[in-house]
file final-v8.cif (mmCIF, C-alpha atoms (C1' of nucleotides))
data_structure
loop_
_atom_site.label_atom_id
_atom_site.label_comp_id
_atom_site.auth_asym_id
_atom_site.auth_seq_id
_atom_site.Cartn_x
_atom_site.Cartn_y
_atom_site.Cartn_z
CA MET H 606 0.00 0.00 0.00
CA GLU H 607 2.83 2.38 0.68
CA THR H 608 5.87 0.86 -0.91
CA GLU H 609 6.86 4.09 -2.57
CA GLN H 610 8.56 5.95 0.20
CA GLN H 611 7.03 4.70 3.40
CA HIS H 612 6.09 8.15 4.69
CA VAL H 613 8.60 10.88 5.29
CA CYS H 614 8.34 10.90 9.05
CA ALA H 615 5.71 13.50 9.88
CA ALA H 616 7.05 17.02 9.65
CA ALA H 617 10.73 16.25 9.81
CA GLN H 618 10.54 15.87 13.56
CA GLY H 619 11.75 12.31 13.66
CA CYS H 620 10.11 9.00 12.98
CA GLY H 621 8.61 8.51 16.40
CA GLU H 622 9.91 5.97 18.84
CA ARG H 623 13.17 5.43 16.98
CA ASP H 624 14.29 8.97 17.73
CA ASN H 625 13.19 8.76 21.33
CA LEU H 626 16.31 8.23 23.39
CA ASN H 627 14.34 7.29 26.45
CA TRP H 628 12.41 4.64 24.53
CA LEU H 629 15.61 3.30 23.01
CA LEU H 630 17.17 2.97 26.45
CA HIS H 631 14.13 1.27 27.94
CA ARG H 632 13.68 -1.17 25.06
CA ALA H 633 17.36 -2.04 24.95
CA ALA H 634 17.43 -2.55 28.72
CA GLN H 635 14.22 -4.58 28.61
CA ARG H 636 15.46 -6.89 25.85
CA MET H 637 18.88 -7.40 27.32
CA GLY H 638 17.50 -7.90 30.81
CA ALA H 639 15.06 -10.54 29.61
CA ALA H 640 17.77 -12.45 27.76
CA MET H 641 20.09 -12.35 30.76
CA GLU H 642 17.41 -13.25 33.29
CA ARG H 643 16.71 -16.51 31.50
CA HIS H 644 20.34 -17.57 31.65
CA ALA H 645 20.96 -16.29 35.16
CA VAL H 646 17.99 -18.02 36.78
CA GLU H 647 19.14 -21.37 35.42
CA ALA H 648 22.48 -20.80 37.13
CA GLY H 649 20.86 -20.20 40.50
CA VAL H 650 20.22 -16.47 40.96
CA GLY H 651 18.46 -13.56 39.25
CA ILE H 652 20.28 -10.72 37.57
CA ARG H 653 19.42 -8.54 40.54
CA GLY H 654 21.06 -11.04 42.86
CA HIS H 655 24.04 -11.40 40.57
CA LEU H 656 24.47 -7.64 40.54
CA VAL H 657 24.70 -7.64 44.33
CA LEU H 658 27.06 -10.62 44.38
CA THR H 659 29.35 -8.84 41.94
CA ALA H 660 29.29 -5.64 43.96
CA LEU H 661 30.34 -7.61 47.04
CA LEU H 662 33.20 -9.29 45.18
CA ASP H 663 35.70 -6.50 45.71
CA GLY H 664 35.72 -7.07 49.46
CA HIS H 665 34.79 -3.51 50.39
CA GLN H 666 32.77 -3.67 53.55
CA GLN H 667 29.72 -1.51 53.21
CA THR H 668 26.36 -1.22 54.90
CA GLN H 669 23.19 -2.31 53.15
CA LEU H 670 22.31 1.34 52.68
CA ALA H 671 25.63 2.19 51.06
CA LEU H 672 25.38 -0.85 48.81
CA GLY H 673 21.88 0.15 47.75
CA ASN H 674 22.91 3.70 46.95
CA ARG H 675 25.80 2.42 44.91
CA LEU H 676 23.61 0.10 42.85
CA GLY H 677 20.57 2.33 42.64
CA LEU H 678 18.41 0.07 44.80
CA ASP H 679 15.98 1.29 47.41
CA LYS H 680 16.77 0.12 50.94
CA THR H 681 13.52 -1.87 51.05
CA THR H 682 14.44 -3.59 47.78
CA MET H 683 17.86 -4.23 49.26
CA THR H 684 16.33 -5.91 52.30
CA SER H 685 14.15 -8.31 50.34
CA THR H 686 16.92 -9.08 47.86
CA LEU H 687 19.39 -9.86 50.64
CA ASP H 688 16.74 -11.90 52.47
CA ARG H 689 16.42 -14.23 49.52
CA MET H 690 20.16 -14.41 48.96
CA GLU H 691 20.82 -15.19 52.62
CA GLN H 692 18.22 -17.98 52.53
CA GLN H 693 20.01 -19.38 49.49
CA GLY H 694 23.30 -19.27 51.37
CA LEU H 695 24.88 -16.83 48.94
CA ILE H 696 25.62 -14.11 51.50
CA VAL H 697 25.71 -13.56 55.24
CA ARG H 698 24.89 -10.39 57.15
CA ARG H 699 27.67 -9.66 59.62
CA PRO H 700 26.84 -7.28 62.46
CA ASP H 701 29.21 -4.35 62.82
CA PRO H 702 30.55 -4.14 66.41
CA SER H 703 31.27 -0.42 66.05
CA ASP H 704 27.68 0.45 65.09
CA ARG H 705 25.12 -2.07 66.17
CA ARG H 706 22.44 -0.67 63.89
CA VAL H 707 24.14 -1.73 60.68
CA ARG H 708 24.68 -5.10 59.05
CA ILE H 709 27.49 -5.76 56.59
CA PRO H 710 26.60 -8.19 53.78
CA GLU H 711 29.41 -10.53 52.80
CA LEU H 712 29.84 -13.23 50.17
CA THR H 713 29.89 -16.86 51.18
CA GLU H 714 31.96 -19.39 49.30
CA LYS H 715 28.79 -20.56 47.54
CA GLY H 716 28.01 -16.98 46.65
CA ARG H 717 31.42 -16.61 45.08
CA GLN H 718 30.91 -19.78 43.05
CA VAL H 719 27.47 -18.80 41.84
CA GLN H 720 28.70 -15.33 40.90
CA ALA H 721 31.46 -16.79 38.77
CA ALA H 722 29.16 -19.27 37.06
CA VAL H 723 26.48 -16.73 36.27
CA ARG H 724 29.10 -14.25 35.13
CA LEU H 725 30.23 -16.65 32.43
CA GLU H 726 26.66 -17.06 31.21
CA LEU H 727 26.03 -13.33 31.16
CA GLU H 728 29.25 -12.63 29.33
CA LEU H 729 28.11 -14.90 26.53
CA VAL H 730 24.82 -13.01 26.25
CA GLU H 731 26.60 -9.67 26.31
CA ARG H 732 29.06 -10.77 23.66
CA ALA H 733 26.24 -11.98 21.43
CA VAL H 734 24.39 -8.71 21.83
CA LEU H 735 27.45 -6.61 21.04
CA GLU H 736 28.54 -8.76 18.12
CA GLY H 737 29.32 -6.69 15.07
CA LEU H 738 30.22 -3.53 16.93
CA SER H 739 33.69 -2.08 16.52
CA THR H 740 35.93 -1.72 19.55
CA GLU H 741 35.45 2.01 19.37
CA GLU H 742 31.67 1.79 19.12
CA GLU H 743 31.54 -0.42 22.18
CA ALA H 744 33.84 1.94 24.06
CA VAL H 745 31.68 4.94 23.21
CA LEU H 746 28.55 3.06 24.23
CA ARG H 747 29.98 2.11 27.61
CA ARG H 748 31.42 5.52 28.29
CA VAL H 749 28.24 7.39 27.43
CA LEU H 750 25.99 4.98 29.30
CA LEU H 751 28.22 5.30 32.34
CA ARG H 752 27.74 9.04 32.17
CA LEU H 753 23.99 8.67 32.00
CA ALA H 754 23.87 6.02 34.70
CA VAL H 755 26.34 7.53 37.19
CA PRO H 756 26.55 11.19 36.24
CA GLU H 757 28.46 12.65 39.13
CA GLU H 758 31.39 10.26 38.90
CA SER H 759 32.03 10.43 35.19
CA GLY H 760 33.95 13.64 35.66
CA ALA H 761 35.67 12.50 38.82
CA SER H 762 37.46 9.58 37.18
CA PRO H 763 38.70 10.90 33.84
CA GLY H 764 40.96 7.92 33.21
CA GLY H 765 37.92 5.81 32.51
CA SER H 766 39.29 2.72 34.17
CA CYS H 767 38.32 1.84 37.66
CA VAL H 768 41.62 2.08 39.52
CA MET O 496 41.37 3.50 55.07
CA GLU O 497 42.29 2.55 51.54
CA THR O 498 43.50 5.70 49.87
CA GLU O 499 46.47 3.96 48.35
CA GLN O 500 44.96 2.40 45.27
CA GLN O 501 41.31 1.83 46.03
CA HIS O 502 41.40 -1.88 45.22
CA VAL O 503 42.41 -3.20 41.84
CA CYS O 504 39.00 -4.44 40.87
CA ALA O 505 38.87 -8.05 41.99
CA ALA O 506 40.83 -10.27 39.66
CA ALA O 507 40.90 -8.00 36.63
CA GLN O 508 37.35 -8.94 35.78
CA GLY O 509 35.98 -5.44 35.98
CA CYS O 510 34.90 -3.18 38.79
CA GLY O 511 31.42 -4.56 39.24
CA GLU O 512 28.32 -2.72 38.17
CA ARG O 513 30.19 -0.20 36.04
CA ASP O 514 31.23 -2.90 33.59
CA ASN O 515 27.80 -4.46 33.55
CA LEU O 516 26.18 -3.36 30.32
CA ASN O 517 22.77 -4.49 31.46
CA TRP O 518 23.03 -2.47 34.65
CA LEU O 519 24.25 0.56 32.74
CA LEU O 520 21.27 0.35 30.41
CA HIS O 521 18.78 -0.09 33.23
CA ARG O 522 20.20 2.71 35.35
CA ALA O 523 20.42 5.09 32.42
CA ALA O 524 16.86 4.28 31.37
CA GLN O 525 15.62 4.59 34.94
CA ARG O 526 17.25 7.98 35.50
CA MET O 527 16.20 9.42 32.17
CA GLY O 528 12.68 8.05 32.48
CA ALA O 529 12.26 9.57 35.93
CA ALA O 530 13.44 12.97 34.73
CA MET O 531 11.14 12.88 31.72
CA GLU O 532 8.13 11.58 33.64
CA ARG O 533 8.19 14.60 35.94
CA HIS O 534 8.09 17.03 33.03
CA ALA O 535 5.62 15.02 30.95
CA VAL O 536 3.02 14.60 33.68
CA GLU O 537 2.90 18.35 34.24
CA ALA O 538 2.10 18.76 30.54
CA GLY O 539 -0.84 16.39 30.73
CA VAL O 540 0.28 12.86 29.88
CA GLY O 541 2.82 10.26 30.99
CA ILE O 542 5.83 9.28 28.90
CA ARG O 543 4.03 6.07 28.00
CA GLY O 544 1.10 8.07 26.68
CA HIS O 545 3.38 10.46 24.88
CA LEU O 546 5.12 7.54 23.21
CA VAL O 547 1.78 6.34 21.85
CA LEU O 548 0.77 9.82 20.74
CA THR O 549 4.03 10.19 18.85
CA ALA O 550 3.63 6.84 17.18
CA LEU O 551 0.19 7.87 15.97
CA LEU O 552 1.49 11.15 14.57
CA ASP O 553 2.59 9.73 11.25
CA GLY O 554 -0.98 8.91 10.28
CA HIS O 555 -0.36 5.24 9.61
CA GLN O 556 -3.52 3.43 10.49
CA GLN O 557 -2.71 0.41 12.55
CA THR O 558 -4.54 -1.89 14.92
CA GLN O 559 -3.90 -1.76 18.65
CA LEU O 560 -2.01 -5.01 18.34
CA ALA O 561 0.28 -3.71 15.59
CA LEU O 562 0.91 -0.54 17.53
CA GLY O 563 1.78 -2.52 20.62
CA ASN O 564 4.20 -4.75 18.74
CA ARG O 565 5.86 -1.71 17.24
CA LEU O 566 6.35 -0.06 20.62
CA GLY O 567 7.09 -3.17 22.62
CA LEU O 568 3.89 -2.98 24.64
CA ASP O 569 1.78 -5.95 25.57
CA LYS O 570 -1.78 -5.82 24.19
CA THR O 571 -3.17 -5.64 27.72
CA THR O 572 -0.91 -2.69 28.51
CA MET O 573 -2.02 -1.16 25.23
CA THR O 574 -5.67 -1.48 26.22
CA SER O 575 -5.30 0.24 29.58
CA THR O 576 -3.03 2.94 28.15
CA LEU O 577 -5.51 3.72 25.37
CA ASP O 578 -8.40 3.63 27.85
CA ARG O 579 -6.85 6.44 29.86
CA MET O 580 -5.93 8.40 26.76
CA GLU O 581 -9.42 8.08 25.33
CA GLN O 582 -10.91 9.30 28.62
CA GLN O 583 -8.57 12.28 28.43
CA GLY O 584 -9.75 12.97 24.91
CA LEU O 585 -6.30 12.48 23.41
CA ILE O 586 -7.27 9.65 21.03
CA VAL O 587 -10.34 7.95 19.61
CA ARG O 588 -10.77 4.31 18.66
CA ARG O 589 -12.27 4.08 15.21
CA PRO O 590 -13.87 0.76 14.27
CA ASP O 591 -12.58 -0.77 11.05
CA PRO O 592 -15.48 -1.56 8.67
CA SER O 593 -13.48 -4.23 6.88
CA ASP O 594 -12.76 -6.20 10.08
CA ARG O 595 -15.14 -5.54 12.90
CA ARG O 596 -12.86 -7.12 15.49
CA VAL O 597 -10.22 -4.41 15.28
CA ARG O 598 -10.16 -0.82 16.46
CA ILE O 599 -7.88 1.80 14.96
CA PRO O 600 -6.58 4.39 17.44
CA GLU O 601 -6.34 7.91 16.04
CA LEU O 602 -5.14 11.23 17.37
CA THR O 603 -7.62 13.93 18.26
CA GLU O 604 -6.78 17.58 17.88
CA LYS O 605 -6.18 17.79 21.61
CA GLY O 606 -3.91 14.75 21.36
CA ARG O 607 -1.89 16.48 18.69
CA GLN O 608 -1.53 19.59 20.84
CA VAL O 609 -0.51 17.68 23.96
CA GLN O 610 2.00 15.66 21.96
CA ALA O 611 3.65 18.82 20.67
CA ALA O 612 3.75 20.47 24.08
CA VAL O 613 5.19 17.43 25.84
CA ARG O 614 7.65 16.91 23.03
CA LEU O 615 9.17 20.32 23.67
CA GLU O 616 9.57 19.51 27.35
CA LEU O 617 11.16 16.14 26.66
CA GLU O 618 13.54 17.60 24.12
CA LEU O 619 14.87 19.95 26.77
CA VAL O 620 15.48 17.03 29.12
CA GLU O 621 17.14 15.01 26.38
CA ARG O 622 19.36 17.91 25.41
CA ALA O 623 20.41 18.46 29.01
CA VAL O 624 21.22 14.77 29.41
CA LEU O 625 23.29 14.65 26.22
CA GLU O 626 25.09 17.90 26.88
CA GLY O 627 28.82 17.57 26.44
CA LEU O 628 28.69 14.70 23.98
CA SER O 629 30.19 15.15 20.54
CA THR O 630 27.96 14.81 17.49
CA GLU O 631 29.69 11.56 16.68
CA GLU O 632 29.29 10.17 20.18
CA GLU O 633 25.59 10.89 20.12
CA ALA O 634 25.27 9.31 16.69
CA VAL O 635 27.04 6.16 17.84
CA LEU O 636 24.87 6.01 20.93
CA ARG O 637 21.65 6.28 18.96
CA ARG O 638 22.74 3.82 16.30
CA VAL O 639 23.89 1.17 18.75
CA LEU O 640 20.86 1.56 21.00
CA LEU O 641 18.60 1.22 17.98
CA ARG O 642 20.33 -2.04 17.16
CA LEU O 643 19.78 -3.33 20.69
CA ALA O 644 16.20 -2.09 20.87
CA VAL O 645 15.00 -3.12 17.38
CA PRO O 646 17.44 -5.77 16.24
CA GLU O 647 15.74 -7.12 13.16
CA GLU O 648 15.34 -3.77 11.45
CA SER O 649 18.84 -2.46 11.92
CA GLY O 650 20.03 -4.52 8.99
CA ALA O 651 16.92 -3.94 6.91
CA SER O 652 17.38 -0.17 6.79
CA PRO O 653 21.10 0.34 6.25
CA GLY O 654 20.75 4.03 5.49
CA GLY O 655 20.12 4.68 9.14
CA SER O 656 17.45 7.29 8.56
CA CYS O 657 13.81 6.38 8.62
CA VAL O 658 12.81 6.98 5.02
"C1'" DT J 1294 16.62 13.94 67.35
"C1'" DA J 1295 18.65 11.34 63.45
"C1'" DT J 1296 19.88 6.93 61.22
"C1'" DT J 1297 19.92 1.62 59.87
"C1'" DG J 1298 17.22 -1.73 58.76
"C1'" DT J 1299 12.65 -4.10 58.70
"C1'" DT J 1300 7.82 -4.43 57.77
"C1'" DA J 1301 3.51 -3.05 55.68
"C1'" DT J 1302 1.29 -0.91 51.99
"C1'" DA J 1303 0.36 0.69 47.46
"C1'" DC J 1304 0.99 1.76 42.71
"C1'" DT J 1305 2.91 0.71 38.30
"C1'" DC J 1306 4.55 -2.44 34.83
"C1'" DT J 1307 4.42 -6.86 32.84
"C1'" DA J 1308 2.69 -11.39 31.66
"C1'" DT J 1309 -0.82 -15.09 31.54
"C1'" DA J 1310 -5.15 -16.82 31.02
"C1'" DA J 1311 -10.06 -16.55 30.28
"C1'" DC J 1312 -13.59 -14.37 27.84
"C1'" DT J 1313 -16.24 -11.83 23.71
"C1'" DA J 1314 -16.97 -10.92 19.23
"C1'" DT J 1315 -15.70 -11.56 15.15
"C1'" DA J 1316 -13.25 -13.94 11.17
"C1'" DT N 386 -10.27 -22.98 14.62
"C1'" DA N 387 -7.86 -18.63 14.92
"C1'" DT N 388 -7.54 -13.63 15.85
"C1'" DA N 389 -8.42 -8.61 18.08
"C1'" DG N 390 -9.48 -6.74 21.99
"C1'" DT N 391 -11.06 -6.77 26.87
"C1'" DT N 392 -10.99 -8.18 31.60
"C1'" DA N 393 -9.15 -10.41 35.71
"C1'" DT N 394 -5.34 -11.86 38.13
"C1'" DA N 395 -0.77 -12.44 39.72
"C1'" DG N 396 4.23 -11.29 39.87
"C1'" DA N 397 7.80 -8.33 39.86
"C1'" DG N 398 9.87 -3.39 40.72
"C1'" DT N 399 9.63 0.78 43.11
"C1'" DA N 400 8.25 4.14 46.51
"C1'" DT N 401 6.40 5.87 51.00
"C1'" DA N 402 5.46 5.58 55.68
"C1'" DA N 403 5.59 3.49 60.20
"C1'" DC N 404 8.29 1.08 63.35
"C1'" DA N 405 12.35 -0.92 66.37
"C1'" DA N 406 16.91 -0.57 67.69
"C1'" DT N 407 20.66 2.24 68.11
"C1'" DA N 408 23.44 6.43 67.63
#
call {"tool": "encode", "arguments": {"input": "final-v8.cif", "output": "structure tokens"}}
result
Amino acid sequence: METEQQHVCAAAQGCGERDNLNWLLHRAAQRMGAAMERHAVEAGVGIRGHLVLTALLDGHQQTQLALGNRLGLDKTTMTSTLDRMEQQGLIVRRPDPSDRRVRIPELTEKGRQVQAAVRLELELVERAVLEGLSTEEEAVLRRVLLRLAVPEESGASPGGSCV
Amino acid sequence: METEQQHVCAAAQGCGERDNLNWLLHRAAQRMGAAMERHAVEAGVGIRGHLVLTALLDGHQQTQLALGNRLGLDKTTMTSTLDRMEQQGLIVRRPDPSDRRVRIPELTEKGRQVQAAVRLELELVERAVLEGLSTEEEAVLRRVLLRLAVPEESGASPGGSCV
DNA sequence: TATTGTTATACTCTATAACTATA
DNA sequence: TATAGTTATAGAGTATAACAATA
């Protein structure tokens, strides 16, 4: 019916959703999240749980609140997520002697193993999704997304790497 | 306590969430969506509604199902979204004489006005978010995100533009 | 009085299934 | 029998507020 030119995009103001950066971000996140969730759950934890496991990997001791702020999780979300992970034996909550209000989440050996296993699965998904991109394109993507996701720190660490 | 080198990122496998492409996408989408939602709601419709309005702008007549597939919305989500928009007088559902099962959503004049007003607001947000990026960086971002968000079409329309 | 963490509550988004009316 | 759309329901994700223990 409209093979000729397929409409010239309504008043030169873009074609709709494809020019909508917010939509692009949400769709991309939705698709990638769904693909990863499938693989992660088979390996014993959701992507939310894996995110927390990975954040705990570096050995920094931090309160639940600090961990939530770092990952963009509400403290109530943090509680329920850690509840499930503690039941699964992936983490423990260690009380802090210097401040008896706080609890420091820490990886268990099982948590470390599950993190590593899931990480391999997720890397495969990520690699498949990024296939065909040049090294530079991927670098730009990561750098810009980091700016959008963690705005205040992008200027603080100009080197780009995490040291 | 650890000013020296701030930990060398746990076994060279990345610093955690900042190397997690899925997390970057979700955080970026979450932050941008929140910023846009605030501005959009003041102008009379949510970002979800504005997305639908914009998709209807081009005048293509399409069923609710087709519209939902295009935007990545479930048909049940589509129904409730259109319900609200029809109550607000932003769209009408026109029955299709050739197939009396389907209903074709169409913009009203008010819908067109609200779309334009909200669009101006959202463009300001988008511009603020992208501030500081080079033209090329923004182009790469949009192109790559489009590939992740709408994979099958990225190869079908090599020109990049939407004609 | 302020803060950490928990619980309760609610609202949105998403997905599934059941239902209708058409085809 | 299959499809478009609606409705009902349930599950996550997210946010707010109230609360207990502690600072």
call {"tool": "calpha_fit_rmsd", "arguments": {"input": "final-v8.cif", "fixed": "chain H", "moving": "chain O"}}
result
0.2 Å
call {"tool": "interface_residues", "arguments": {"input": "final-v8.cif", "of": "chain H", "to": "chain N", "cutoff": "12 Å", "atoms": "only C-alpha atoms (C1' of nucleotides)", "output": "number ranges by chain"}}
result
H: 651, 653, 677-683, 685-686, 702-707
call {"tool": "atom_distance", "arguments": {"input": "final-v8.cif", "atom1": "CA of Glu581 in chain O", "atom2": "CA of Gly544 in chain O"}}
result
10.6 Å
call {"tool": "interface_residues", "arguments": {"input": "final-v8.cif", "of": "chain O", "to": "chain H", "cutoff": "6 Å", "atoms": "all atoms listed in the file", "output": "ChimeraX atom specification"}}
result
/O:503,505,511,519-524,549-550,553,636,640,643-644,658
call {"tool": "atom_distance", "arguments": {"input": "final-v8.cif", "atom1": "CA of Leu687 in chain H", "atom2": "CA of Leu729 in chain H"}}
result
26.1 Å
call {"tool": "axis_aligned_box", "arguments": {"input": "final-v8.cif", "around": "range 697-704 of chain H", "padding_each_side": "8 Å", "output": "lines of an AutoDock Vina configuration file"}}
result
center_x = 28.1
center_y = -6.6
center_z = 60.8
size_x = 22.4
size_y = 30.0
size_z = 27.2
call {"tool": "atom_distance", "arguments": {"input": "final-v8.cif", "atom1": "CA of Pro700 in chain H", "atom2": "CA of Ala722 in chain H"}}
result
28.2 Å
call {"tool": "resolve_selection", "arguments": {"input": "final-v8.cif", "expression": "the PyMOL selection byres ((chain J) within 10 of (chain H))", "output": "list in words"}}
result
DT1296, DT1297, DG1298, DT1299 and DT1300 of chain J
call {"tool": "resolve_selection", "arguments": {"input": "final-v8.cif", "expression": "the PyMOL selection byres ((chain O and resi 603) around 6)", "output": "list in words"}}
result
Leu585, Ile586, Leu602, Glu604, Lys605 and Gly606 of chain O
